[in-house]
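Enquirer: Structure file final.cif (mmCIF, C-alpha atoms) right here:
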data_query
loop_
_atom_site.group_PDB
_atom_site.id
_atom_site.type_symbol
_atom_site.label_atom_id
_atom_site.label_comp_id
_atom_site.auth_asym_id
_atom_site.auth_seq_id
_atom_site.Cartn_x
_atom_site.Cartn_y
_atom_site.Cartn_z
ATOM 1 C CA MET A 825 59.290 21.445 132.688
ATOM 2 C CA ALA A 826 58.059 23.751 135.386
ATOM 3 C CA GLY A 827 60.102 26.571 136.815
ATOM 4 C CA THR A 828 62.144 29.489 135.573
ATOM 5 C CA PRO A 829 65.213 28.935 133.371
ATOM 6 C CA GLY A 830 67.472 29.975 136.267
ATOM 7 C CA ALA A 831 65.796 27.530 138.640
ATOM 8 C CA MET A 832 66.126 24.790 136.037
ATOM 9 C CA GLY A 833 69.821 25.437 135.682
ATOM 10 C CA LEU A 834 70.403 25.526 139.420
ATOM 11 C CA ARG A 835 68.350 22.362 139.936
ATOM 12 C CA PHE A 836 70.508 20.616 137.377
ATOM 13 C CA ALA A 837 73.699 22.048 138.798
ATOM 14 C CA ALA A 838 72.784 20.798 142.261
ATOM 15 C CA GLY A 839 72.994 17.326 140.787
ATOM 16 C CA ILE A 840 75.874 18.664 138.798
ATOM 17 C CA ILE A 841 77.526 16.851 135.930
ATOM 18 C CA ALA A 842 76.000 13.413 136.306
ATOM 19 C CA PRO A 843 73.097 13.100 133.851
ATOM 20 C CA LEU A 844 75.120 14.961 131.237
ATOM 21 C CA LEU A 845 78.332 12.982 131.331
ATOM 22 C CA LEU A 846 78.678 10.545 134.209
ATOM 23 C CA LEU A 847 76.470 7.877 132.649
ATOM 24 C CA LEU A 848 75.894 8.220 128.918
ATOM 25 C CA ALA A 849 75.449 4.492 128.336
ATOM 26 C CA ALA A 850 73.077 2.641 126.057
ATOM 27 C CA GLY A 851 70.534 0.282 127.560
ATOM 28 C CA CYS A 852 70.716 -3.015 129.305
ATOM 29 C CA SER A 853 67.934 -5.420 130.167
ATOM 30 C CA ASP A 854 66.286 -4.181 133.360
ATOM 31 C CA THR A 855 64.452 -0.870 133.598
ATOM 32 C CA PRO A 856 63.660 0.997 136.840
ATOM 33 C CA ASP A 857 59.942 1.045 135.977
ATOM 34 C CA MET A 858 59.660 -2.754 135.751
ATOM 35 C CA PRO A 859 57.659 -4.540 138.450
ATOM 36 C CA ALA A 860 59.925 -5.327 141.378
ATOM 37 C CA ALA A 861 59.612 -9.078 140.855
ATOM 38 C CA ASP A 862 61.000 -8.758 137.324
ATOM 39 C CA ARG A 863 64.015 -6.627 138.226
ATOM 40 C CA ALA A 864 67.510 -7.967 138.782
ATOM 41 C CA PRO A 865 69.018 -7.075 142.169
ATOM 42 C CA PRO A 866 70.847 -3.730 142.099
ATOM 43 C CA ALA A 867 74.594 -3.979 141.590
ATOM 44 C CA PRO A 868 76.202 -0.499 141.464
ATOM 45 C CA LEU A 869 79.977 -0.588 141.092
ATOM 46 C CA LEU A 870 81.608 -0.987 144.513
ATOM 47 C CA TYR A 871 85.277 -1.595 145.292
ATOM 48 C CA GLU A 872 87.257 -2.488 148.377
ATOM 49 C CA ILE A 873 90.571 -0.609 148.447
ATOM 50 C CA ALA A 874 93.510 -2.319 150.146
ATOM 51 C CA SER A 875 97.168 -1.471 150.571
ATOM 52 C CA ALA A 876 99.931 -3.642 149.122
ATOM 53 C CA ASP A 877 99.964 -5.790 152.264
ATOM 54 C CA GLY A 878 96.225 -6.456 152.005
ATOM 55 C CA SER A 879 95.057 -4.090 154.742
ATOM 56 C CA VAL A 880 91.683 -2.550 153.889
ATOM 57 C CA GLU A 881 92.129 1.213 153.534
ATOM 58 C CA GLY A 882 88.643 2.167 152.310
ATOM 59 C CA TRP A 883 85.886 1.629 149.765
ATOM 60 C CA MET A 884 84.738 3.317 146.561
ATOM 61 C CA VAL A 885 81.256 3.335 145.024
ATOM 62 C CA GLY A 886 80.038 4.756 141.732
ATOM 63 C CA THR A 887 77.030 7.011 142.165
ATOM 64 C CA ILE A 888 74.296 8.493 140.037
ATOM 65 C CA HIS A 889 72.992 11.918 141.008
ATOM 66 C CA ALA A 890 69.312 11.625 139.980
ATOM 67 C CA LEU A 891 66.858 8.746 140.377
ATOM 68 C CA PRO A 892 63.115 8.150 140.658
ATOM 69 C CA ALA A 893 61.958 7.882 144.249
ATOM 70 C CA PHE A 894 61.064 4.199 143.970
ATOM 71 C CA VAL A 895 64.393 2.794 142.739
ATOM 72 C CA GLU A 896 66.009 0.418 145.233
ATOM 73 C CA TRP A 897 69.803 0.712 145.020
ATOM 74 C CA ARG A 898 71.140 -0.034 148.489
ATOM 75 C CA THR A 899 72.866 -3.404 148.624
ATOM 76 C CA PRO A 900 74.046 -5.269 151.735
ATOM 77 C CA ALA A 901 77.660 -4.832 150.611
ATOM 78 C CA LEU A 902 77.251 -1.073 150.210
ATOM 79 C CA ALA A 903 75.484 -0.799 153.558
ATOM 80 C CA LYS A 904 78.350 -2.686 155.201
ATOM 81 C CA ALA A 905 80.955 -0.436 153.560
ATOM 82 C CA ALA A 906 79.074 2.686 154.650
ATOM 83 C CA ASP A 907 78.801 1.393 158.216
ATOM 84 C CA SER A 908 82.499 0.507 158.309
ATOM 85 C CA ALA A 909 83.806 3.788 156.877
ATOM 86 C CA ASP A 910 85.028 6.598 159.125
ATOM 87 C CA LEU A 911 84.285 9.375 156.644
ATOM 88 C CA LEU A 912 82.603 10.001 153.303
ATOM 89 C CA VAL A 913 84.292 11.620 150.295
ATOM 90 C CA VAL A 914 82.012 13.133 147.629
ATOM 91 C CA GLU A 915 82.317 15.541 144.735
ATOM 92 C CA VAL A 916 80.107 18.200 146.363
ATOM 93 C CA ARG A 917 79.149 18.195 150.038
ATOM 94 C CA ASP A 918 76.322 20.780 150.000
ATOM 95 C CA LEU A 919 73.659 19.705 147.499
ATOM 96 C CA SER A 920 70.866 21.790 149.007
ATOM 97 C CA GLY A 921 70.837 24.337 146.179
ATOM 98 C CA GLY A 922 70.146 27.097 148.721
ATOM 99 C CA GLY A 923 70.759 30.818 148.562
ATOM 100 C CA ALA A 924 74.537 30.620 148.519
ATOM 101 C CA ALA A 925 74.474 28.104 145.675
ATOM 102 C CA ALA A 926 72.007 30.254 143.739
ATOM 103 C CA ALA A 927 74.307 33.262 144.076
ATOM 104 C CA ILE A 928 77.322 31.243 142.927
ATOM 105 C CA TYR A 929 75.399 29.904 139.960
ATOM 106 C CA ALA A 930 74.092 33.310 138.911
ATOM 107 C CA GLY A 931 77.531 34.866 139.236
ATOM 108 C CA LEU A 932 79.147 32.298 136.974
ATOM 109 C CA ALA A 933 76.334 31.362 134.599
ATOM 110 C CA LYS A 934 74.950 34.736 133.542
ATOM 111 C CA SER A 935 76.577 37.313 131.263
ATOM 112 C CA PRO A 936 75.140 40.309 129.394
ATOM 113 C CA GLY A 937 75.400 40.835 125.667
ATOM 114 C CA LEU A 938 75.576 37.203 124.583
ATOM 115 C CA PRO A 939 74.441 36.181 121.095
ATOM 116 C CA PRO A 940 71.085 34.377 120.823
ATOM 117 C CA LEU A 941 71.378 30.751 121.842
ATOM 118 C CA ASP A 942 70.480 29.374 118.434
ATOM 119 C CA GLN A 943 73.285 31.448 116.909
ATOM 120 C CA ARG A 944 75.754 29.508 119.060
ATOM 121 C CA LEU A 945 74.833 26.290 117.228
ATOM 122 C CA PRO A 946 75.395 25.023 113.684
ATOM 123 C CA PRO A 947 72.333 25.863 111.551
ATOM 124 C CA GLU A 948 71.382 22.205 111.112
ATOM 125 C CA LEU A 949 70.896 21.783 114.899
ATOM 126 C CA ARG A 950 68.623 24.788 115.372
ATOM 127 C CA PRO A 951 65.366 22.890 114.711
ATOM 128 C CA GLN A 952 66.381 20.299 117.327
ATOM 129 C CA LEU A 953 67.141 23.098 119.789
ATOM 130 C CA ALA A 954 63.690 24.584 119.219
ATOM 131 C CA ALA A 955 62.045 21.201 119.769
ATOM 132 C CA LEU A 956 64.056 20.568 122.945
ATOM 133 C CA MET A 957 63.193 23.987 124.371
ATOM 134 C CA ALA A 958 59.522 23.444 123.525
ATOM 135 C CA ARG A 959 59.557 20.160 125.476
ATOM 136 C CA GLY A 960 61.000 22.064 128.412
ATOM 137 C CA GLY A 961 58.408 24.829 128.190
ATOM 138 C CA LEU A 962 61.047 27.421 127.326
ATOM 139 C CA ALA A 963 60.603 30.456 125.117
ATOM 140 C CA ALA A 964 63.221 31.277 122.495
ATOM 141 C CA ASN A 965 64.926 33.931 124.637
ATOM 142 C CA ASP A 966 64.674 32.218 128.056
ATOM 143 C CA LEU A 967 68.337 31.169 128.056
ATOM 144 C CA ALA A 968 69.640 34.213 126.214
ATOM 145 C CA ALA A 969 71.597 35.523 129.218
ATOM 146 C CA ASP A 970 73.057 32.097 130.077
ATOM 147 C CA GLU A 971 76.634 31.401 129.151
ATOM 148 C CA THR A 972 76.831 28.554 126.683
ATOM 149 C CA TRP A 973 77.892 25.928 129.232
ATOM 150 C CA ALA A 974 75.031 26.904 131.564
ATOM 151 C CA ALA A 975 72.501 26.718 128.742
ATOM 152 C CA ALA A 976 73.810 23.250 127.882
ATOM 153 C CA LEU A 977 73.332 22.097 131.492
ATOM 154 C CA ALA A 978 69.796 23.476 131.644
ATOM 155 C CA LEU A 979 68.878 21.839 128.336
ATOM 156 C CA ALA A 980 70.373 18.495 129.390
ATOM 157 C CA ARG A 981 68.061 18.485 132.396
ATOM 158 C CA ILE A 982 64.893 18.671 130.244
ATOM 159 C CA ASP A 983 64.899 15.016 129.187
ATOM 160 C CA ALA A 984 66.870 13.604 132.126
ATOM 161 C CA PRO A 985 64.727 11.204 134.177
ATOM 162 C CA GLY A 986 64.741 11.075 137.931
ATOM 163 C CA ASP A 987 65.192 13.765 140.544
ATOM 164 C CA PRO A 988 68.463 14.987 142.120
ATOM 165 C CA ALA A 989 66.609 14.847 145.459
ATOM 166 C CA ASN A 990 66.867 11.049 145.153
ATOM 167 C CA GLY A 991 70.526 11.031 144.145
ATOM 168 C CA VAL A 992 72.796 8.421 145.682
ATOM 169 C CA ASP A 993 75.394 10.938 146.842
ATOM 170 C CA ARG A 994 72.700 12.961 148.626
ATOM 171 C CA ALA A 995 71.431 9.829 150.407
ATOM 172 C CA LEU A 996 74.924 8.808 151.476
ATOM 173 C CA ILE A 997 75.626 12.285 152.850
ATOM 174 C CA ALA A 998 72.518 11.909 154.993
ATOM 175 C CA ASP A 999 73.713 8.459 156.120
ATOM 176 C CA PHE A 1000 76.973 9.995 157.337
ATOM 177 C CA ALA A 1001 75.324 12.563 159.623
ATOM 178 C CA GLY A 1002 77.648 12.813 162.634
ATOM 179 C CA ARG A 1003 80.656 11.577 160.645
ATOM 180 C CA PRO A 1004 83.020 13.714 158.545
ATOM 181 C CA VAL A 1005 82.108 14.417 154.912
ATOM 182 C CA ARG A 1006 84.812 15.803 152.630
ATOM 183 C CA GLU A 1007 84.383 17.157 149.122
ATOM 184 C CA LEU A 1008 86.731 16.819 146.183
ATOM 185 C CA GLU A 1009 85.586 19.937 144.336
ATOM 186 C CA GLY A 1010 82.603 21.700 145.870
ATOM 187 C CA PHE A 1011 79.760 23.469 144.080
ATOM 188 C CA ARG A 1012 81.767 26.499 142.966
ATOM 189 C CA GLY A 1013 84.676 24.305 141.924
ATOM 190 C CA GLN A 1014 82.505 22.131 139.690
ATOM 191 C CA LEU A 1015 80.805 25.069 138.019
ATOM 192 C CA ALA A 1016 84.185 26.708 137.497
ATOM 193 C CA ILE A 1017 85.288 23.706 135.424
ATOM 194 C CA PHE A 1018 82.587 24.597 132.906
ATOM 195 C CA ASP A 1019 83.088 28.331 133.242
ATOM 196 C CA ARG A 1020 86.774 27.999 132.339
ATOM 197 C CA LEU A 1021 86.050 26.129 129.115
ATOM 198 C CA PRO A 1022 86.888 28.152 125.988
ATOM 199 C CA GLU A 1023 83.799 29.273 124.110
ATOM 200 C CA ASP A 1024 84.419 26.850 121.252
ATOM 201 C CA GLN A 1025 84.379 23.938 123.706
ATOM 202 C CA GLN A 1026 81.249 25.279 125.396
ATOM 203 C CA ARG A 1027 79.569 25.397 122.008
ATOM 204 C CA ALA A 1028 80.720 21.862 121.258
ATOM 205 C CA MET A 1029 79.099 20.788 124.535
ATOM 206 C CA LEU A 1030 75.873 22.602 123.666
ATOM 207 C CA ALA A 1031 75.824 21.001 120.228
ATOM 208 C CA ALA A 1032 76.344 17.535 121.743
ATOM 209 C CA VAL A 1033 73.476 18.039 124.202
ATOM 210 C CA VAL A 1034 71.127 19.123 121.421
ATOM 211 C CA ARG A 1035 72.290 16.353 119.108
ATOM 212 C CA GLU A 1036 71.839 13.690 121.789
ATOM 213 C CA SER A 1037 68.406 14.959 122.820
ATOM 214 C CA THR A 1038 66.728 12.756 120.201
ATOM 215 C CA SER A 1039 68.252 9.639 121.769
ATOM 216 C CA ALA A 1040 67.249 10.803 125.238
ATOM 217 C CA VAL A 1041 63.606 11.016 124.163
ATOM 218 C CA ARG A 1042 63.703 7.490 122.741
ATOM 219 C CA ASP A 1043 65.205 5.927 125.878
ATOM 220 C CA PRO A 1044 65.550 8.361 128.784
ATOM 221 C CA GLU A 1045 66.166 5.682 131.434
ATOM 222 C CA ARG A 1046 69.182 4.105 129.721
ATOM 223 C CA LEU A 1047 71.568 5.892 132.089
ATOM 224 C CA GLN A 1048 69.850 4.542 135.151
ATOM 225 C CA ARG A 1049 69.759 0.988 133.797
ATOM 226 C CA ALA A 1050 73.492 1.033 133.165
ATOM 227 C CA TRP A 1051 74.190 2.281 136.674
ATOM 228 C CA ILE A 1052 71.884 -0.208 138.412
ATOM 229 C CA ALA A 1053 73.383 -3.109 136.464
ATOM 230 C CA GLY A 1054 76.936 -2.077 137.371
ATOM 231 C CA ASP A 1055 78.084 -2.892 133.835
ATOM 232 C CA ALA A 1056 81.627 -1.509 133.885
ATOM 233 C CA ALA A 1057 82.293 -2.261 130.211
ATOM 234 C CA MET A 1058 79.155 -0.465 129.076
ATOM 235 C CA ILE A 1059 79.828 2.483 131.345
ATOM 236 C CA GLU A 1060 83.421 2.760 130.124
ATOM 237 C CA ALA A 1061 82.211 2.764 126.521
ATOM 238 C CA SER A 1062 79.826 5.593 127.401
ATOM 239 C CA THR A 1063 82.744 7.795 128.455
ATOM 240 C CA ARG A 1064 83.700 8.070 124.780
ATOM 241 C CA GLN A 1065 80.249 9.050 123.523
ATOM 242 C CA GLY A 1066 78.182 12.217 123.471
ATOM 243 C CA ILE A 1067 80.053 15.250 124.750
ATOM 244 C CA LEU A 1068 82.946 13.017 125.815
ATOM 245 C CA ALA A 1069 83.603 12.068 122.203
ATOM 246 C CA ASP A 1070 85.237 15.497 121.933
ATOM 247 C CA PRO A 1071 88.864 15.014 123.131
ATOM 248 C CA ALA A 1072 89.154 18.477 124.683
ATOM 249 C CA LEU A 1073 85.893 18.120 126.603
ATOM 250 C CA ARG A 1074 86.769 14.600 127.700
ATOM 251 C CA ALA A 1075 90.070 15.857 129.090
ATOM 252 C CA ALA A 1076 88.522 18.817 130.915
ATOM 253 C CA LEU A 1077 85.407 17.128 132.272
ATOM 254 C CA LEU A 1078 86.643 13.609 132.979
ATOM 255 C CA THR A 1079 90.283 12.573 132.763
ATOM 256 C CA ALA A 1080 91.923 15.691 134.215
ATOM 257 C CA ARG A 1081 89.506 15.567 137.136
ATOM 258 C CA ASN A 1082 90.280 11.877 137.676
ATOM 259 C CA ARG A 1083 93.981 12.669 137.944
ATOM 260 C CA ARG A 1084 93.383 15.485 140.428
ATOM 261 C CA TRP A 1085 91.137 13.309 142.539
ATOM 262 C CA ALA A 1086 93.559 10.369 142.518
ATOM 263 C CA ALA A 1087 96.363 12.664 143.680
ATOM 264 C CA ALA A 1088 94.190 13.827 146.599
ATOM 265 C CA LEU A 1089 92.832 10.382 147.466
ATOM 266 C CA GLY A 1090 96.170 8.560 147.641
ATOM 267 C CA PRO A 1091 97.390 10.331 150.812
ATOM 268 C CA LEU A 1092 93.896 10.155 152.331
ATOM 269 C CA LEU A 1093 93.786 6.376 151.899
ATOM 270 C CA ALA A 1094 97.249 6.096 153.439
ATOM 271 C CA GLY A 1095 96.000 7.722 156.649
ATOM 272 C CA ASP A 1096 94.144 6.154 159.552
ATOM 273 C CA PRO A 1097 90.485 7.084 158.835
ATOM 274 C CA ARG A 1098 89.001 4.738 156.247
ATOM 275 C CA PRO A 1099 86.871 6.585 153.672
ATOM 276 C CA LEU A 1100 83.947 5.604 151.521
ATOM 277 C CA ILE A 1101 84.603 7.436 148.243
ATOM 278 C CA ALA A 1102 81.354 8.134 146.383
ATOM 279 C CA VAL A 1103 81.727 9.746 142.943
ATOM 280 C CA GLY A 1104 79.999 9.514 139.574
ATOM 281 C CA THR A 1105 80.347 6.038 138.129
ATOM 282 C CA ALA A 1106 82.038 7.071 134.891
ATOM 283 C CA HIS A 1107 84.974 8.346 136.954
ATOM 284 C CA LEU A 1108 85.723 4.833 138.195
ATOM 285 C CA VAL A 1109 86.153 2.888 134.970
ATOM 286 C CA GLY A 1110 88.675 2.526 132.151
ATOM 287 C CA SER A 1111 92.441 2.884 131.947
ATOM 288 C CA ASP A 1112 92.242 6.533 133.048
ATOM 289 C CA GLY A 1113 89.552 5.974 135.696
ATOM 290 C CA LEU A 1114 90.025 6.255 139.446
ATOM 291 C CA ALA A 1115 90.276 2.502 139.970
ATOM 292 C CA ALA A 1116 93.213 2.236 137.554
ATOM 293 C CA LEU A 1117 94.877 5.409 138.861
ATOM 294 C CA LEU A 1118 94.724 4.202 142.463
ATOM 295 C CA GLU A 1119 96.089 0.812 141.429
ATOM 296 C CA ALA A 1120 98.991 2.652 139.786
ATOM 297 C CA GLN A 1121 99.738 4.126 143.217
ATOM 298 C CA GLY A 1122 100.075 0.612 144.635
ATOM 299 C CA TYR A 1123 96.582 0.075 146.015
ATOM 300 C CA ARG A 1124 94.665 -3.140 145.360
ATOM 301 C CA LEU A 1125 91.067 -2.708 144.267
ATOM 302 C CA ARG A 1126 88.678 -5.629 144.587
ATOM 303 C CA PRO A 1127 85.210 -5.386 143.027
ATOM 304 C CA ILE A 1128 82.570 -6.323 145.606
ATOM 305 C CA PRO A 1129 79.685 -8.176 143.936
#
Take the structure in the file and give it back as structure tokens.
Expert:
Amino acid sequence: MAGTPGAMGLRFAAGIIAPLLLLLAAGCSDTPDMPAADRAPPAPLLYEIASADGSVEGWMVGTIHALPAFVEWRTPALAKAADSADLLVVEVRDLSGGGAAAAIYAGLAKSPGLPPLDQRLPPELRPQLAALMARGGLAANDLAADETWAAALALARIDAPGDPANGVDRALIADFAGRPVRELEGFRGQLAIFDRLPEDQQRAMLAAVVRESTSAVRDPERLQRAWIAGDAAMIEASTRQGILADPALRAALLTARNRRWAAALGPLLAGDPRPLIAVGTAHLVGSDGLAALLEAQGYRLRPIP
């Protein structure tokens, strides 16, 4: 992978958590690199949100933050929801990765006097780490100054297919030019979630990234296939694999965030402007996903095929 280790980390962070945790699903039948005639129509998860009396209060779509340029994902139903919405709600509004973002990243991700990266892993994973770094064109000490969470993000980006420049959230933000765009966390807020993790949890995340890197090489597009197919059951199963198999990491990176977002979205949906909520797909599914949490507040969610 071209670029400095810092640029790699920032490029990944600009498409923040998605390839690492928001879709860790195993494959389904249709790959993005198939000829167009052989591909099933895209079907990303999309919900209509209504109040108890049936009045439509907004819409919610599951996104993926990195895609190849040629993947068609816009559906007529999603286009209609985007046209009908008064505002867009995303995880991070500014995905440019500009100077301010670089300064935030460097301030949180770098620390002096850290142990060598391979010493932050169990001995049996060190050969896999070396192989992963070699694939990314990294020398042994290139991530030495990165905090463990930041090194894990940079390493996860090595085998992740697609480009954050083609992310769905980025495209939707462009679609809403001239309309309000609100963010649930912001760039600093998302990085701070990782930065606040205890070191043992950061090392568990690093170990999971290295351990899963073998699977990523065998089938790097499996995340994109799951998203395009809109397979809620498969996506929900993925939220208990990889780094999310660790209960503490799952709570910090997924379920606690879902609860915070649901608490913020409930009053927003009750107001007059109707939002399109666009967040990573894994946040939507399961008994502790946003769809279930909003239903617990009395909203009715209808999947839109």
Enquirer: Could you tell me how far CA of Ile1067 (chain A) lies from CA of Asp987 (chain A), in Å and to one decimal?
Expert: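 CA of Ile1067 (chain A) sits 21.7 Å away from CA of Asp987 (chain A).
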Enquirer: How would you write, as a count of residues only, the residues chosen by the PyMOL selection byres ((chain A and resi 1003) around 12) on this structure?
Expert: 22
Enquirer: Can you pull out every residue within 12 Å of Asp942 (chain A), counting all atoms listed in the file, but drop anything in the same chain fewer than 2 positions away, and send it as a PDB file with C-alpha atoms, in the frame of the given file?
Expert:
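Full text of part29.pdb as output:
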ATOM      1  CA  LEU A 938      75.576  37.203 124.583  1.00  0.00           C
ATOM      2  CA  PRO A 939      74.441  36.181 121.095  1.00  0.00           C
ATOM      3  CA  PRO A 940      71.085  34.377 120.823  1.00  0.00           C
ATOM      4  CA  ARG A 944      75.754  29.508 119.060  1.00  0.00           C
ATOM      5  CA  LEU A 945      74.833  26.290 117.228  1.00  0.00           C
ATOM      6  CA  PRO A 946      75.395  25.023 113.684  1.00  0.00           C
ATOM      7  CA  PRO A 947      72.333  25.863 111.551  1.00  0.00           C
ATOM      8  CA  GLU A 948      71.382  22.205 111.112  1.00  0.00           C
ATOM      9  CA  LEU A 949      70.896  21.783 114.899  1.00  0.00           C
ATOM     10  CA  ARG A 950      68.623  24.788 115.372  1.00  0.00           C
ATOM     11  CA  PRO A 951      65.366  22.890 114.711  1.00  0.00           C
ATOM     12  CA  GLN A 952      66.381  20.299 117.327  1.00  0.00           C
ATOM     13  CA  LEU A 953      67.141  23.098 119.789  1.00  0.00           C
ATOM     14  CA  ALA A 954      63.690  24.584 119.219  1.00  0.00           C
ATOM     15  CA  ALA A 955      62.045  21.201 119.769  1.00  0.00           C
ATOM     16  CA  LEU A 956      64.056  20.568 122.945  1.00  0.00           C
ATOM     17  CA  MET A 957      63.193  23.987 124.371  1.00  0.00           C
ATOM     18  CA  ALA A 963      60.603  30.456 125.117  1.00  0.00           C
ATOM     19  CA  ALA A 964      63.221  31.277 122.495  1.00  0.00           C
ATOM     20  CA  ASN A 965      64.926  33.931 124.637  1.00  0.00           C
ATOM     21  CA  ASP A 966      64.674  32.218 128.056  1.00  0.00           C
ATOM     22  CA  LEU A 967      68.337  31.169 128.056  1.00  0.00           C
ATOM     23  CA  ALA A 968      69.640  34.213 126.214  1.00  0.00           C
ATOM     24  CA  THR A 972      76.831  28.554 126.683  1.00  0.00           C
ATOM     25  CA  ALA A 975      72.501  26.718 128.742  1.00  0.00           C
ATOM     26  CA  ALA A 976      73.810  23.250 127.882  1.00  0.00           C
ATOM     27  CA  ARG A1027      79.569  25.397 122.008  1.00  0.00           C
ATOM     28  CA  LEU A1030      75.873  22.602 123.666  1.00  0.00           C
ATOM     29  CA  ALA A1031      75.824  21.001 120.228  1.00  0.00           C
ATOM     30  CA  VAL A1034      71.127  19.123 121.421  1.00  0.00           C
TER      31      VAL A1034
END
Enquirer: Tell me which residues come within 7 Å of (77.1, -3.9, 146.3), as a PyMOL selection string, counting only C-alpha atoms in the file's coordinates.
Expert: chain A and resi 867-870+899-902+1128-1129
Enquirer: Give the answer as one residue: which of A:Ala989, A:Ala969, A:Ala924, A:Ala958 has the shortest atom-to-atom distance to Arg1012 (chain A), using all atoms listed in the file?
Expert: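 When distances to Arg1012 (chain A) are compared using all atoms listed in the file, the smallest one comes from A:Ala924.
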Enquirer: CA of Asn1082 (chain A) and CA of Gly1113 (chain A), how far apart in Å?
Expert: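 Between CA of Gly1113 (chain A) and CA of Asn1082 (chain A) the gap is 6.3 Å.
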Enquirer: Which of these, A:Ala1106, A:Ala1057, A:Ala1120, A:Ala984, has the shortest distance to Gly1090 (chain A) once you count all atoms listed in the file?
Expert: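 Closest to Gly1090 (chain A), using all atoms listed in the file: A:Ala1120.
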Enquirer: Name every residue that the PyMOL selection byres ((chain A and resi 1013) around 12) selects in this structure, writing the answer as number ranges by chain with chains first and numbers rising.
Expert: A: 837, 840-841, 915-917, 925, 928-929, 932, 1007-1012, 1014-1020, 1081
Enquirer: Please measure the separation of CA of Met884 (chain A) and CA of Asp1070 (chain A), giving the value in Å to one decimal.
Expert: 27.5 Å
Enquirer: For Thr1105 (chain A), which residue among A:Leu1021, A:Ile1052, A:Met1029, A:Ala930 is the nearest when counting all atoms listed in the file?
Expert: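 The closest residue to Thr1105 (chain A) is A:Ile1052.
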Enquirer: Considering only C-alpha atoms, can you say which of A:Glu1023, A:Asp993, A:Glu1119, A:Asp1055 comes closest to Val1103 (chain A)?
Expert: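 Counting only C-alpha atoms, the residue closest to Val1103 (chain A) is A:Asp993.
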Enquirer: Using all atoms listed in the file, which residues sit within 10 Å of Leu1093 (chain A) once same-chain residues fewer than 6 positions away are excluded, as a list in words?
Expert: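 After dropping sequence-adjacent residues, the list is Ile873, Ala874, Ser875, Val880, Glu881, Gly882, Trp883, Pro1099, Leu1100, Ile1101, Leu1118 and Tyr1123 of chain A.
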Enquirer: Let me know the residues the PyMOL selection byres ((chain A and resi 891) around 9) catches in the file above, as number ranges by chain.
Expert: A: 888-890, 892-895, 985-992, 1048
Enquirer: Give me the residues within 9 Å of Lys934 (chain A) as a tab-separated table (two decimals) with C-alpha atoms, keeping the file's coordinate frame, counting all atoms listed in the file and dropping any in the same chain fewer than 6 places off.
Expert:
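Printed below is out-v1.tsv as written:
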chain	number	residue	atom	x	y	z
A	969	ALA	CA	71.60	35.52	129.22
A	970	ASP	CA	73.06	32.10	130.08
A	971	GLU	CA	76.63	31.40	129.15
A	974	ALA	CA	75.03	26.90	131.56
Enquirer: Looking at all atoms listed in the file, which of A:Pro936, A:Trp973, A:Asp1112, A:Ala1032 is the one that sits closest to Ala1075 (chain A)?
Expert: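 Under the stated criterion, the closest residue is A:Asp1112.
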Enquirer: Can you work out which one of A:Leu919, A:Ser935, A:Arg1049, A:Val885 has the shortest atom-to-atom distance to Arg898 (chain A), counting only C-alpha atoms?
Expert: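 Comparing A:Leu919, A:Ser935, A:Arg1049, A:Val885 against Arg898 (chain A), the winner is A:Val885.
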Enquirer: If you keep N, CA, C and O atoms, can you output region 1030-1037 of chain A as an mmCIF file, in the first residue's frame?
Expert:
data_model
loop_
_atom_site.group_PDB
_atom_site.id
_atom_site.type_symbol
_atom_site.label_atom_id
_atom_site.label_comp_id
_atom_site.auth_asym_id
_atom_site.auth_seq_id
_atom_site.Cartn_x
_atom_site.Cartn_y
_atom_site.Cartn_z
ATOM 1 N N LEU A 1030 -6.180 -5.280 18.264
ATOM 2 C CA LEU A 1030 -5.039 -5.511 17.377
ATOM 3 C C LEU A 1030 -4.890 -6.988 17.062
ATOM 4 O O LEU A 1030 -4.689 -7.379 15.903
ATOM 5 N N ALA A 1031 -5.001 -7.826 18.077
ATOM 6 C CA ALA A 1031 -4.871 -9.268 17.866
ATOM 7 C C ALA A 1031 -5.956 -9.778 16.933
ATOM 8 O O ALA A 1031 -5.696 -10.619 16.059
ATOM 9 N N ALA A 1032 -7.190 -9.270 17.073
ATOM 10 C CA ALA A 1032 -8.283 -9.720 16.213
ATOM 11 C C ALA A 1032 -8.036 -9.307 14.768
ATOM 12 O O ALA A 1032 -8.304 -10.077 13.836
ATOM 13 N N VAL A 1033 -7.526 -8.085 14.552
ATOM 14 C CA VAL A 1033 -7.238 -7.638 13.196
ATOM 15 C C VAL A 1033 -6.177 -8.534 12.558
ATOM 16 O O VAL A 1033 -6.312 -8.964 11.402
ATOM 17 N N VAL A 1034 -5.125 -8.824 13.290
ATOM 18 C CA VAL A 1034 -4.060 -9.667 12.748
ATOM 19 C C VAL A 1034 -4.575 -11.077 12.500
ATOM 20 O O VAL A 1034 -4.313 -11.690 11.464
ATOM 21 N N ARG A 1035 -5.339 -11.592 13.444
ATOM 22 C CA ARG A 1035 -5.860 -12.956 13.309
ATOM 23 C C ARG A 1035 -6.787 -13.069 12.108
ATOM 24 O O ARG A 1035 -6.773 -14.062 11.385
ATOM 25 N N GLU A 1036 -7.614 -12.053 11.886
ATOM 26 C CA GLU A 1036 -8.583 -12.092 10.794
ATOM 27 C C GLU A 1036 -7.960 -11.763 9.444
ATOM 28 O O GLU A 1036 -8.615 -11.907 8.407
ATOM 29 N N SER A 1037 -6.715 -11.306 9.432
ATOM 30 C CA SER A 1037 -6.114 -10.885 8.166
ATOM 31 C C SER A 1037 -5.988 -12.041 7.175
ATOM 32 O O SER A 1037 -6.049 -11.826 5.963
#
